[in-house]
$ cat structure_1.txt   # compact mmCIF, C-alpha atoms
# COMPACT_ATOMS: atom_id res chain seq x y z
CA MET R 1 15.39 -53.87 -16.80
CA ARG R 2 17.08 -50.48 -16.46
CA SER R 3 15.17 -47.29 -15.82
CA GLY R 4 16.08 -43.65 -16.01
CA THR R 5 15.22 -40.06 -16.96
CA ILE R 6 15.28 -38.41 -20.38
CA TYR R 7 18.29 -36.06 -20.59
CA THR R 8 17.52 -35.01 -24.17
CA GLU R 9 15.62 -36.33 -27.18
CA THR R 10 14.78 -35.77 -30.84
CA VAL R 11 12.43 -37.12 -33.48
CA ILE R 12 14.30 -38.01 -36.68
CA TYR R 13 12.59 -37.43 -40.04
CA SER R 14 15.66 -37.54 -42.29
CA ALA R 15 17.28 -40.89 -41.50
CA PRO R 16 20.52 -42.49 -42.60
CA GLU R 17 20.20 -45.12 -45.33
CA ALA R 18 19.93 -48.11 -42.97
CA PHE R 19 16.98 -46.60 -41.06
CA VAL R 20 15.04 -44.82 -43.82
CA ASN R 21 12.10 -47.25 -43.60
CA GLU R 22 11.67 -46.63 -39.86
CA ALA R 23 11.46 -42.79 -39.98
CA PRO R 24 10.10 -40.84 -38.22
CA TYR R 25 11.42 -42.31 -34.96
CA GLN R 26 12.54 -40.92 -31.62
CA THR R 27 16.03 -41.26 -30.12
CA ALA R 28 17.08 -40.05 -26.68
CA ILE R 29 19.94 -39.89 -24.22
CA VAL R 30 18.79 -41.42 -20.95
CA THR R 31 20.39 -40.74 -17.56
CA LEU R 32 20.23 -44.18 -15.92
CA ASP R 33 19.14 -44.54 -12.30
CA GLY R 34 22.23 -46.66 -11.72
CA GLY R 35 24.48 -43.90 -13.05
CA GLY R 36 25.83 -43.03 -16.49
CA ARG R 37 24.04 -42.21 -19.71
CA VAL R 38 23.07 -44.28 -22.71
CA THR R 39 21.68 -43.44 -26.15
CA GLY R 40 18.66 -45.43 -27.21
CA ARG R 41 15.37 -45.54 -29.08
CA ILE R 42 11.95 -44.64 -27.74
CA GLU R 43 8.95 -46.90 -28.44
CA GLY R 44 5.31 -45.89 -28.02
CA ASP R 45 4.42 -42.41 -26.76
CA ARG R 46 6.83 -39.56 -27.48
CA VAL R 47 8.87 -38.45 -24.47
CA GLN R 48 10.27 -35.09 -23.32
CA ILE R 49 13.21 -34.01 -21.18
CA ASP R 50 12.74 -35.15 -17.53
CA ASP R 51 10.22 -37.89 -18.43
CA ARG R 52 10.78 -41.23 -16.70
CA VAL R 53 11.45 -44.24 -18.95
CA VAL R 54 12.03 -47.99 -18.58
CA GLU R 55 14.05 -50.21 -20.86
CA ILE R 56 11.87 -52.72 -22.65
CA GLU R 57 14.40 -54.60 -24.75
CA GLY R 58 17.74 -54.48 -26.48
CA ARG R 59 17.93 -55.01 -30.26
CA SER R 60 21.34 -55.45 -31.90
CA GLY R 61 22.94 -53.78 -28.90
CA VAL R 62 20.61 -50.76 -28.97
CA PRO R 63 18.48 -50.22 -25.83
CA TYR R 64 14.77 -49.47 -26.46
CA PHE R 65 12.88 -47.49 -23.82
CA ARG R 66 9.22 -46.75 -23.15
CA LYS R 67 7.60 -44.00 -21.08
CA ALA R 68 7.18 -45.21 -17.47
CA MET L 1 58.65 -20.90 -31.86
CA ARG L 2 58.89 -18.35 -34.65
CA PRO L 3 55.98 -16.22 -35.95
CA VAL L 4 54.15 -17.65 -38.97
CA ALA L 5 52.20 -15.94 -41.76
CA VAL L 6 49.77 -16.97 -44.48
CA ILE L 7 51.47 -15.99 -47.76
CA GLY L 8 48.91 -17.35 -50.21
CA ALA L 9 45.26 -18.40 -50.15
CA GLY L 10 42.79 -19.67 -52.72
CA LYS L 11 39.64 -21.75 -53.01
CA THR L 12 37.19 -23.15 -55.49
CA PRO L 13 33.58 -22.04 -55.45
CA PHE L 14 31.50 -24.40 -53.26
CA GLY L 15 28.54 -26.20 -54.80
CA ALA L 16 27.41 -29.39 -56.52
CA PHE L 17 29.80 -30.07 -59.39
CA PRO L 18 28.87 -33.39 -61.06
CA ASP L 19 31.60 -32.96 -63.70
CA ARG L 20 34.46 -32.39 -61.25
CA ASP L 21 36.44 -35.02 -59.34
CA LEU L 22 38.09 -34.64 -55.93
CA ARG L 23 41.60 -34.20 -57.27
CA SER L 24 40.71 -31.50 -59.80
CA LEU L 25 39.02 -29.46 -57.05
CA ALA L 26 42.05 -29.81 -54.75
CA VAL L 27 44.44 -28.87 -57.56
CA GLU L 28 42.39 -25.81 -58.53
CA ALA L 29 42.51 -24.51 -54.94
CA GLY L 30 46.23 -25.28 -54.57
CA ASP L 31 47.09 -23.56 -57.87
CA LYS L 32 45.13 -20.47 -56.81
CA ALA L 33 47.02 -20.33 -53.50
CA LEU L 34 50.38 -20.62 -55.32
CA ARG L 35 49.46 -17.81 -57.73
CA ASN L 36 48.01 -15.69 -54.92
CA GLY L 37 51.40 -15.77 -53.21
CA LYS L 38 53.61 -15.79 -56.33
CA ILE L 39 55.06 -19.10 -55.15
CA ALA L 40 56.51 -21.77 -57.43
CA PRO L 41 55.50 -25.40 -56.75
CA GLU L 42 59.17 -26.34 -56.18
CA GLN L 43 59.35 -23.88 -53.26
CA ILE L 44 56.79 -25.92 -51.26
CA GLN L 45 58.66 -28.15 -48.78
CA SER L 46 55.79 -30.05 -47.18
CA PHE L 47 52.13 -30.73 -47.95
CA TYR L 48 49.12 -31.41 -45.71
CA LEU L 49 45.71 -32.51 -46.95
CA GLY L 50 42.58 -32.21 -44.81
CA ASN L 51 39.97 -34.70 -45.98
CA PHE L 52 37.28 -36.51 -44.02
CA SER L 53 36.22 -39.43 -46.15
CA GLY L 54 37.54 -39.60 -49.69
CA PRO L 55 37.47 -43.40 -49.43
CA ALA L 56 33.71 -43.51 -48.70
CA PHE L 57 32.60 -40.55 -50.81
CA VAL L 58 34.62 -41.24 -53.96
CA GLY L 59 36.43 -44.55 -53.35
CA GLN L 60 39.94 -43.12 -53.27
CA ASN L 61 42.52 -43.48 -50.50
CA HIS L 62 46.16 -42.37 -50.21
CA LEU L 63 44.98 -38.92 -51.12
CA ALA L 64 47.86 -36.67 -49.98
CA PRO L 65 50.47 -37.75 -52.57
CA TYR L 66 47.63 -38.24 -55.09
CA VAL L 67 46.96 -34.50 -54.84
CA SER L 68 50.48 -33.17 -54.17
CA THR L 69 52.02 -34.80 -57.25
CA ALA L 70 49.19 -33.39 -59.39
CA LEU L 71 50.15 -29.96 -58.01
CA GLY L 72 53.74 -30.48 -59.11
CA LEU L 73 55.06 -30.82 -55.54
CA ASN L 74 57.07 -33.89 -56.43
CA GLY L 75 58.75 -35.70 -53.60
CA VAL L 76 57.75 -33.58 -50.60
CA PRO L 77 56.28 -35.22 -47.48
CA SER L 78 52.52 -35.40 -48.09
CA THR L 79 50.27 -36.12 -45.14
CA ARG L 80 46.51 -36.54 -44.93
CA VAL L 81 44.80 -35.43 -41.72
CA GLU L 82 41.35 -36.74 -40.71
CA ALA L 83 39.43 -35.14 -37.86
CA ALA L 84 35.82 -35.29 -39.10
CA CYS L 85 34.63 -31.80 -40.11
CA ALA L 86 37.76 -30.31 -38.49
CA SER L 87 40.06 -32.24 -40.85
CA SER L 88 41.54 -29.24 -42.61
CA GLY L 89 41.55 -27.04 -39.49
CA SER L 90 43.69 -29.76 -37.93
CA ALA L 91 45.84 -29.97 -41.08
CA PHE L 92 46.34 -26.20 -40.83
CA PHE L 93 47.35 -26.55 -37.16
CA HIS L 94 49.94 -29.22 -37.98
CA ALA L 95 51.31 -27.24 -40.94
CA TRP L 96 51.60 -24.19 -38.68
CA ALA L 97 53.49 -26.27 -36.10
CA GLU L 98 55.92 -27.44 -38.77
CA VAL L 99 56.73 -23.87 -39.83
CA ALA L 100 56.71 -22.41 -36.29
CA SER L 101 59.13 -25.09 -35.07
CA GLY L 102 61.50 -24.55 -37.99
CA ILE L 103 61.20 -28.02 -39.53
CA ASN L 104 60.23 -26.44 -42.86
CA ASP L 105 59.77 -22.92 -44.20
CA VAL L 106 57.10 -23.08 -46.90
CA VAL L 107 54.20 -25.48 -46.31
CA MET L 108 50.94 -25.90 -48.21
CA VAL L 109 47.63 -27.01 -46.72
CA VAL L 110 44.69 -28.07 -48.87
CA GLY L 111 41.25 -29.10 -47.63
CA VAL L 112 38.91 -30.96 -49.97
CA GLU L 113 35.71 -32.99 -50.03
CA LYS L 114 33.61 -34.31 -52.89
CA MET L 115 30.21 -35.26 -51.44
CA THR L 116 27.43 -34.72 -53.94
CA SER L 117 27.92 -37.90 -55.95
CA GLN L 118 26.15 -39.75 -53.10
CA THR L 119 22.47 -39.60 -52.03
CA THR L 120 21.57 -37.57 -48.92
CA ALA L 121 20.79 -40.77 -46.98
CA ARG L 122 24.19 -42.23 -47.90
CA VAL L 123 25.96 -38.92 -47.06
CA SER L 124 24.25 -39.01 -43.62
CA GLU L 125 25.57 -42.53 -43.14
CA ILE L 126 29.14 -41.62 -44.12
CA LEU L 127 29.12 -38.53 -41.90
CA ALA L 128 27.73 -40.65 -39.04
CA GLU L 129 31.03 -42.55 -39.00
CA ALA L 130 32.46 -39.48 -37.25
CA GLY L 131 30.24 -40.29 -34.25
CA ASP L 132 30.33 -43.30 -31.91
CA CYS L 133 29.28 -46.12 -34.21
CA SER L 134 29.03 -48.67 -31.38
CA GLY L 135 26.44 -46.57 -29.49
CA GLU L 136 24.69 -43.35 -30.50
CA MET L 137 24.86 -43.94 -34.27
CA LYS L 138 23.71 -47.57 -34.01
CA ALA L 139 20.48 -46.24 -32.47
CA GLY L 140 19.70 -44.46 -35.76
CA ASN L 141 21.12 -41.02 -35.05
CA THR L 142 22.56 -38.64 -37.62
CA PHE L 143 24.69 -35.55 -37.02
CA ALA L 144 21.54 -33.49 -37.45
CA SER L 145 19.85 -35.49 -34.69
CA LEU L 146 22.84 -35.18 -32.34
CA PHE L 147 22.80 -31.41 -32.77
CA ALA L 148 19.01 -31.48 -32.42
CA MET L 149 19.49 -33.12 -29.01
CA ILE L 150 22.00 -30.38 -28.11
CA ALA L 151 19.43 -27.76 -29.19
CA ARG L 152 16.66 -29.41 -27.14
CA ARG L 153 18.77 -29.37 -24.00
CA HIS L 154 19.98 -25.79 -24.65
CA MET L 155 16.34 -24.71 -25.01
CA HIS L 156 15.45 -26.54 -21.79
CA ASP L 157 18.34 -25.13 -19.74
CA PHE L 158 18.51 -21.56 -21.07
CA GLY L 159 15.19 -20.76 -22.75
CA THR L 160 16.71 -20.68 -26.25
CA LYS L 161 13.93 -20.45 -28.83
CA LYS L 162 13.30 -21.72 -32.32
CA ASP L 163 13.41 -18.18 -33.71
CA HIS L 164 16.87 -17.70 -32.19
CA LEU L 165 18.06 -20.65 -34.28
CA ALA L 166 16.24 -19.29 -37.32
CA ALA L 167 17.95 -15.89 -36.91
CA VAL L 168 21.34 -17.59 -37.42
CA ALA L 169 20.12 -19.12 -40.70
CA VAL L 170 18.64 -15.82 -41.92
CA LYS L 171 21.88 -13.94 -41.15
CA ASN L 172 24.17 -16.50 -42.78
CA HIS L 173 22.02 -16.70 -45.91
CA ALA L 174 22.02 -12.88 -46.15
CA ASN L 175 25.85 -12.94 -45.99
CA GLY L 176 26.24 -15.85 -48.38
CA ALA L 177 24.02 -14.11 -50.95
CA LEU L 178 26.87 -11.56 -51.27
CA ASN L 179 29.56 -14.22 -51.65
CA PRO L 180 30.08 -15.11 -55.33
CA GLU L 181 31.65 -18.46 -54.30
CA ALA L 182 28.82 -19.56 -51.98
CA HIS L 183 26.83 -22.73 -52.70
CA LEU L 184 23.34 -21.39 -51.94
CA ARG L 185 23.09 -17.64 -52.62
CA LYS L 186 19.55 -17.18 -51.42
CA VAL L 187 18.14 -14.64 -48.98
CA ILE L 188 15.53 -16.18 -46.65
CA THR L 189 13.04 -14.65 -44.21
CA LEU L 190 12.60 -15.58 -40.56
CA GLU L 191 9.19 -17.06 -41.45
CA GLN L 192 10.73 -19.31 -44.11
CA ALA L 193 13.53 -20.35 -41.74
CA MET L 194 10.94 -21.29 -39.09
CA ALA L 195 8.80 -23.34 -41.47
CA GLY L 196 11.34 -25.55 -43.24
CA LYS L 197 10.92 -29.29 -43.74
CA PRO L 198 11.61 -31.09 -40.43
CA ILE L 199 14.94 -32.98 -40.28
CA ALA L 200 15.31 -33.84 -36.57
CA ASP L 201 13.18 -31.89 -34.07
CA PRO L 202 13.70 -29.01 -33.34
CA LEU L 203 15.95 -28.63 -36.41
CA ASN L 204 14.51 -28.18 -39.88
CA ILE L 205 16.20 -27.99 -43.26
CA TYR L 206 17.18 -24.32 -42.72
CA ASP L 207 19.05 -25.19 -39.52
CA CYS L 208 21.33 -27.57 -41.43
CA SER L 209 24.42 -26.81 -43.48
CA LEU L 210 24.74 -27.95 -47.06
CA ILE L 211 26.18 -31.05 -48.71
CA SER L 212 28.80 -29.59 -51.04
CA ASP L 213 31.83 -30.18 -53.22
CA GLY L 214 34.83 -27.88 -52.92
CA ALA L 215 38.41 -27.25 -51.91
CA ALA L 216 40.45 -24.53 -50.21
CA ALA L 217 44.19 -23.96 -49.84
CA VAL L 218 46.64 -21.79 -47.94
CA ILE L 219 50.44 -21.57 -47.87
CA LEU L 220 52.39 -20.77 -44.71
CA ALA L 221 55.89 -19.36 -44.23
CA PRO L 222 57.91 -17.76 -41.43
CA LEU L 223 56.74 -14.15 -40.95
CA GLU L 224 60.28 -12.85 -41.48
CA ARG L 225 60.31 -14.34 -45.00
CA ALA L 226 56.68 -13.58 -45.88
CA HIS L 227 57.47 -10.46 -47.90
CA GLU L 228 59.50 -12.55 -50.35
CA TYR L 229 56.17 -13.98 -51.52
CA THR L 230 53.45 -11.42 -50.92
CA ASP L 231 52.80 -7.75 -50.18
CA LYS L 232 49.91 -8.74 -47.96
CA PRO L 233 50.98 -11.41 -45.48
CA VAL L 234 48.46 -12.26 -42.78
CA LYS L 235 49.90 -13.25 -39.41
CA VAL L 236 48.83 -16.34 -37.46
CA LEU L 237 48.66 -14.71 -34.02
CA GLY L 238 47.28 -17.66 -32.08
CA ILE L 239 46.25 -21.23 -32.82
CA ALA L 240 45.33 -24.32 -30.80
CA GLN L 241 43.65 -27.68 -31.21
CA ALA L 242 41.77 -29.50 -28.44
CA SER L 243 39.71 -32.66 -28.08
CA ASP L 244 36.80 -34.14 -26.15
CA PHE L 245 34.57 -37.26 -26.13
CA VAL L 246 33.31 -38.49 -29.50
CA ALA L 247 30.01 -39.78 -28.06
CA LEU L 248 27.50 -37.18 -26.92
CA ASP L 249 26.30 -39.47 -24.10
CA GLU L 250 29.79 -39.48 -22.54
CA LYS L 251 29.73 -35.72 -22.00
CA GLN L 252 28.71 -34.28 -18.65
CA ASP L 253 26.89 -31.34 -20.25
CA ILE L 254 26.02 -31.31 -23.95
CA THR L 255 25.14 -27.57 -24.05
CA THR L 256 28.81 -26.62 -24.14
CA PHE L 257 31.83 -27.71 -26.20
CA PRO L 258 34.81 -28.09 -23.81
CA ALA L 259 37.16 -28.50 -26.81
CA VAL L 260 36.11 -25.05 -28.07
CA ARG L 261 36.77 -23.55 -24.66
CA ARG L 262 40.17 -25.25 -24.32
CA ALA L 263 41.35 -24.38 -27.82
CA SER L 264 40.16 -20.77 -27.62
CA GLU L 265 41.73 -20.16 -24.21
CA LYS L 266 45.10 -21.32 -25.56
CA ALA L 267 44.74 -19.38 -28.81
CA TYR L 268 43.77 -16.17 -26.99
CA ALA L 269 46.77 -16.56 -24.65
CA MET L 270 49.17 -17.15 -27.56
CA ALA L 271 47.81 -14.11 -29.43
CA GLY L 272 47.75 -11.96 -26.28
CA VAL L 273 44.13 -10.97 -26.93
CA LYS L 274 40.76 -11.42 -25.23
CA ALA L 275 37.46 -12.58 -26.70
CA GLY L 276 36.27 -8.98 -26.65
CA ASP L 277 39.11 -7.90 -28.95
CA ILE L 278 38.03 -10.18 -31.82
CA GLN L 279 36.50 -8.02 -34.56
CA PHE L 280 34.87 -10.71 -36.70
CA ALA L 281 34.73 -14.50 -36.79
CA GLU L 282 34.04 -17.52 -38.95
CA LEU L 283 32.29 -20.09 -36.74
CA HIS L 284 31.44 -23.71 -37.49
CA ASP L 285 27.68 -23.45 -38.12
CA CYS L 286 27.19 -27.03 -39.27
CA PHE L 287 23.81 -26.54 -37.58
CA THR L 288 22.42 -23.21 -36.34
CA ILE L 289 22.68 -24.34 -32.70
CA ALA L 290 26.41 -24.97 -33.19
CA GLU L 291 27.05 -21.29 -33.95
CA ILE L 292 25.06 -20.30 -30.86
CA VAL L 293 26.95 -22.66 -28.54
CA ALA L 294 30.33 -21.71 -30.07
CA SER L 295 29.64 -18.00 -29.59
CA GLU L 296 29.22 -18.78 -25.87
CA ASP L 297 32.23 -21.09 -25.54
CA LEU L 298 34.48 -18.58 -27.32
CA GLY L 299 33.45 -15.95 -24.76
CA PHE L 300 31.70 -13.65 -27.25
CA VAL L 301 28.58 -13.79 -25.06
CA LYS L 302 27.69 -15.23 -21.66
CA ARG L 303 26.73 -18.87 -21.24
CA GLY L 304 23.15 -19.47 -22.36
CA GLN L 305 22.81 -16.09 -24.09
CA GLY L 306 23.95 -17.11 -27.57
CA GLY L 307 20.37 -17.35 -28.86
CA PRO L 308 19.27 -13.80 -27.96
CA TYR L 309 22.72 -12.54 -29.09
CA ALA L 310 22.06 -13.84 -32.60
CA PHE L 311 18.39 -12.84 -32.60
CA GLU L 312 19.19 -9.23 -31.61
CA GLY L 313 21.56 -8.87 -34.57
CA CYS L 314 24.88 -8.59 -32.69
CA SER L 315 26.49 -11.08 -35.11
CA ARG L 316 25.10 -9.60 -38.33
CA ARG L 317 27.45 -7.94 -40.81
CA ASP L 318 26.41 -4.54 -39.41
CA GLY L 319 26.45 -5.77 -35.80
CA ALA L 320 29.07 -5.35 -33.07
CA ARG L 321 30.99 -8.49 -34.09
CA PRO L 322 30.03 -10.04 -37.42
CA ILE L 323 29.95 -13.85 -37.42
CA ASN L 324 30.24 -15.80 -40.68
CA PRO L 325 30.48 -12.93 -43.18
CA SER L 326 31.26 -15.63 -45.78
CA GLY L 327 27.77 -17.11 -45.33
CA GLY L 328 29.13 -19.88 -43.12
CA LEU L 329 28.64 -23.57 -43.66
CA LYS L 330 24.93 -22.80 -43.96
CA SER L 331 25.07 -20.77 -47.16
CA LYS L 332 28.67 -20.85 -48.38
CA GLY L 333 28.48 -24.66 -48.18
CA HIS L 334 30.15 -27.44 -46.20
CA PRO L 335 32.43 -29.78 -48.16
CA VAL L 336 33.48 -31.11 -44.77
CA GLY L 337 37.21 -31.64 -45.35
CA ALA L 338 37.56 -28.21 -46.99
CA THR L 339 35.74 -26.19 -44.34
CA GLY L 340 38.60 -25.45 -41.91
CA VAL L 341 40.91 -24.04 -44.56
CA ALA L 342 38.01 -22.23 -46.26
CA GLN L 343 37.42 -20.41 -42.95
CA ILE L 344 41.10 -19.37 -42.96
CA CYS L 345 40.73 -18.16 -46.57
CA GLU L 346 37.80 -15.96 -45.50
CA LEU L 347 39.81 -14.48 -42.61
CA VAL L 348 42.68 -13.73 -45.01
CA THR L 349 40.34 -12.13 -47.57
CA GLN L 350 38.59 -10.00 -44.93
CA ILE L 351 41.83 -8.96 -43.18
CA ARG L 352 43.30 -7.88 -46.52
CA GLY L 353 40.15 -5.85 -47.19
CA GLU L 354 39.40 -7.81 -50.36
CA ALA L 355 35.94 -9.21 -49.50
CA GLY L 356 33.98 -6.88 -51.78
CA GLU L 357 30.28 -6.51 -50.95
CA ARG L 358 30.54 -8.70 -47.85
CA GLN L 359 33.58 -6.85 -46.41
CA VAL L 360 33.20 -6.28 -42.66
CA PRO L 361 34.02 -2.75 -41.46
CA ARG L 362 36.47 -3.72 -38.68
CA HIS L 363 38.72 -6.39 -40.12
CA GLY L 364 42.08 -6.23 -38.34
CA LEU L 365 41.62 -9.24 -36.07
CA GLY L 366 39.61 -12.35 -36.99
CA LEU L 367 38.98 -15.76 -35.43
CA ALA L 368 38.09 -19.11 -37.01
CA GLU L 369 36.52 -21.99 -35.07
CA ASN L 370 36.47 -25.37 -36.82
CA LEU L 371 34.56 -28.17 -35.04
CA GLY L 372 34.76 -31.91 -35.68
CA GLY L 373 31.86 -34.25 -34.96
CA SER L 374 29.63 -33.16 -32.10
CA GLY L 375 32.59 -31.39 -30.50
CA ALA L 376 35.33 -34.03 -30.22
CA THR L 377 37.87 -31.92 -32.14
CA CYS L 378 38.19 -28.16 -32.23
CA VAL L 379 40.77 -25.91 -33.85
CA VAL L 380 40.71 -22.18 -33.09
CA SER L 381 42.87 -19.83 -35.17
CA ILE L 382 43.34 -16.10 -34.66
CA LEU L 383 44.71 -14.12 -37.60
CA GLY L 384 45.63 -10.47 -37.98
CA ALA L 385 47.25 -8.01 -40.35
CA ALA L 386 51.04 -8.43 -40.38
$ encode --input "structure_1.txt" --output "structure tokens"
Amino acid sequence: MRSGTIYTETVIYSAPEAFVNEAPYQTAIVTLDGGGRVTGRIEGDRVQIDDRVVEIEGRSGVPYFRKA
Amino acid sequence: MRPVAVIGAGKTPFGAFPDRDLRSLAVEAGDKALRNGKIAPEQIQSFYLGNFSGPAFVGQNHLAPYVSTALGLNGVPSTRVEAACASSGSAFFHAWAEVASGINDVVMVVGVEKMTSQTTARVSEILAEAGDCSGEMKAGNTFASLFAMIARRHMHDFGTKKDHLAAVAVKNHANGALNPEAHLRKVITLEQAMAGKPIADPLNIYDCSLISDGAAAVILAPLERAHEYTDKPVKVLGIAQASDFVALDEKQDITTFPAVRRASEKAYAMAGVKAGDIQFAELHDCFTIAEIVASEDLGFVKRGQGGPYAFEGCSRRDGARPINPSGGLKSKGHPVGATGVAQICELVTQIRGEAGERQVPRHGLGLAENLGGSGATCVVSILGAA
């Protein structure tokens, strides 16, 4: 699975209609070790800029990451 | 290209108007602009409508002729422009190009949005369609969360603080409280602005602009003919539109808006002015961080210093260069498709010296910056007394 570093992140409290039941949740832009950036969701512990993360799964085309 | 002037301007109040439909708002603004310039509907040769998402918000498409016929502009070319929250700034740019190039002489631009008939969660979803729906938005982001991520990185890279963001909200609410047409005329303290309900960390409710209904209109003509219609023409000295990636994760550096830099460089060159010459500005404060980043990209302040600049009061009405004397999107309101033209209306009102209690002292040269999405479209307009 891919790994990378948190470029930026936020915790969302006011969610769009389709995600209201999941709030609050964390999203982040991850700079991938292989190059490029991707936007995904964070599972488990909250992360900050520069934290290392690994991809744990993809759901409906959205990558989910966890703190490494 | 020939010089172009604004010969008429008018807008509706911004707010939540459950009894008004989209078309009646657009017509009210258009009628006011016609009367402001003593212009008959049959003198209008072309019509542009800035509107982000009439189809999703109110279930109506084909909006440009729908509005122009109701204004009595029968038969003229009627074109809708969509560029997210820069829809009517872009419509204004294209109308200007049509007059400057000589295709037509008298052209009307209306911006309109009717948003408050939907729930906040549904509005977030509709607005999210202006982002990359195959990536960032699918992950559950909103525009608030995209700008929250910009704020986080700006804080990390430059030491921008939460109270810098809050200072923008306090200032814009203080200005909007003096604007009789503002949506939320409420003075707030720094403490209140710091302690609002969280929306997307680090942004709280006071960092976010409003969900509003409203419309704004202006009419353009060649400068040499402007006095046929008005004693107070306002000259379009410089204008440019630029673009950038829609998705935040495609940008090299999210703490700057390259489209703002590109558009402003071209607009300054066309006007023959520098950033330092601008006396007041209406900036696109969809979120407090957006005003801070724009103030840097426009060259009002050095890169990374936009936070302290706002916090120290430089952009207050009594500061060196007032920003958002109208109250901005934060307090005046943000019916997204109306915002770009509403900014132009504020420049016109201020330049003519007709802004009443919120009048800025130095009002000869003003700039408007209208941003679409998280920076994918930007229109910068520089207006001055003719």
$ residues_around --input "structure_1.txt" --residues "R:Val54" --least-positions-apart "6" --cutoff "12 Å" --atoms "only C-alpha atoms" --output "JSON, numbers by chain"
{"R": [1, 2, 3, 4, 5, 6, 30, 31, 32, 33, 40, 41, 42, 43, 44, 47, 63, 64, 65, 66, 67, 68]}
$ interface_residues --input "structure_1.txt" --of "chain R" --to "chain L" --cutoff "6 Å" --atoms "all atoms listed in the file" --output "ChimeraX atom specification"
/R:8-14,16-17,37-40,62
$ atom_distance --input "structure_1.txt" --atom1 "atom CA of L:Arg358" --atom2 "atom CA of L:Gly15"
18.9 Å
$ atom_distance --input "structure_1.txt" --atom1 "atom CA of L:Glu191" --atom2 "atom CA of L:Glu312"
16.1 Å
$ atom_distance --input "structure_1.txt" --atom1 "atom CA of L:Ala84" --atom2 "atom CA of L:Gly54"
11.6 Å
$ closest_residue --input "structure_1.txt" --among "L:Asp21, L:Asp132, L:Glu346, L:Glu369" --to "L:Ala290" --atoms "all atoms listed in the file"
L:Glu369
$ residues_near_point --input "structure_1.txt" --point "(37.2, -7.1, -28.5)" --cutoff "12 Å" --atoms "all atoms listed in the file" --output "PyMOL selection string"
chain L and resi 268+272-281+298-301+320-322+362-367
$ axis_aligned_box --input "structure_1.txt" --around "stretch 36-52 of chain R" --padding-each-side "4 Å" --output "lines of an AutoDock Vina configuration file"
center_x = 15.1
center_y = -40.5
center_z = -22.8
size_x = 29.4
size_y = 20.9
size_z = 20.6
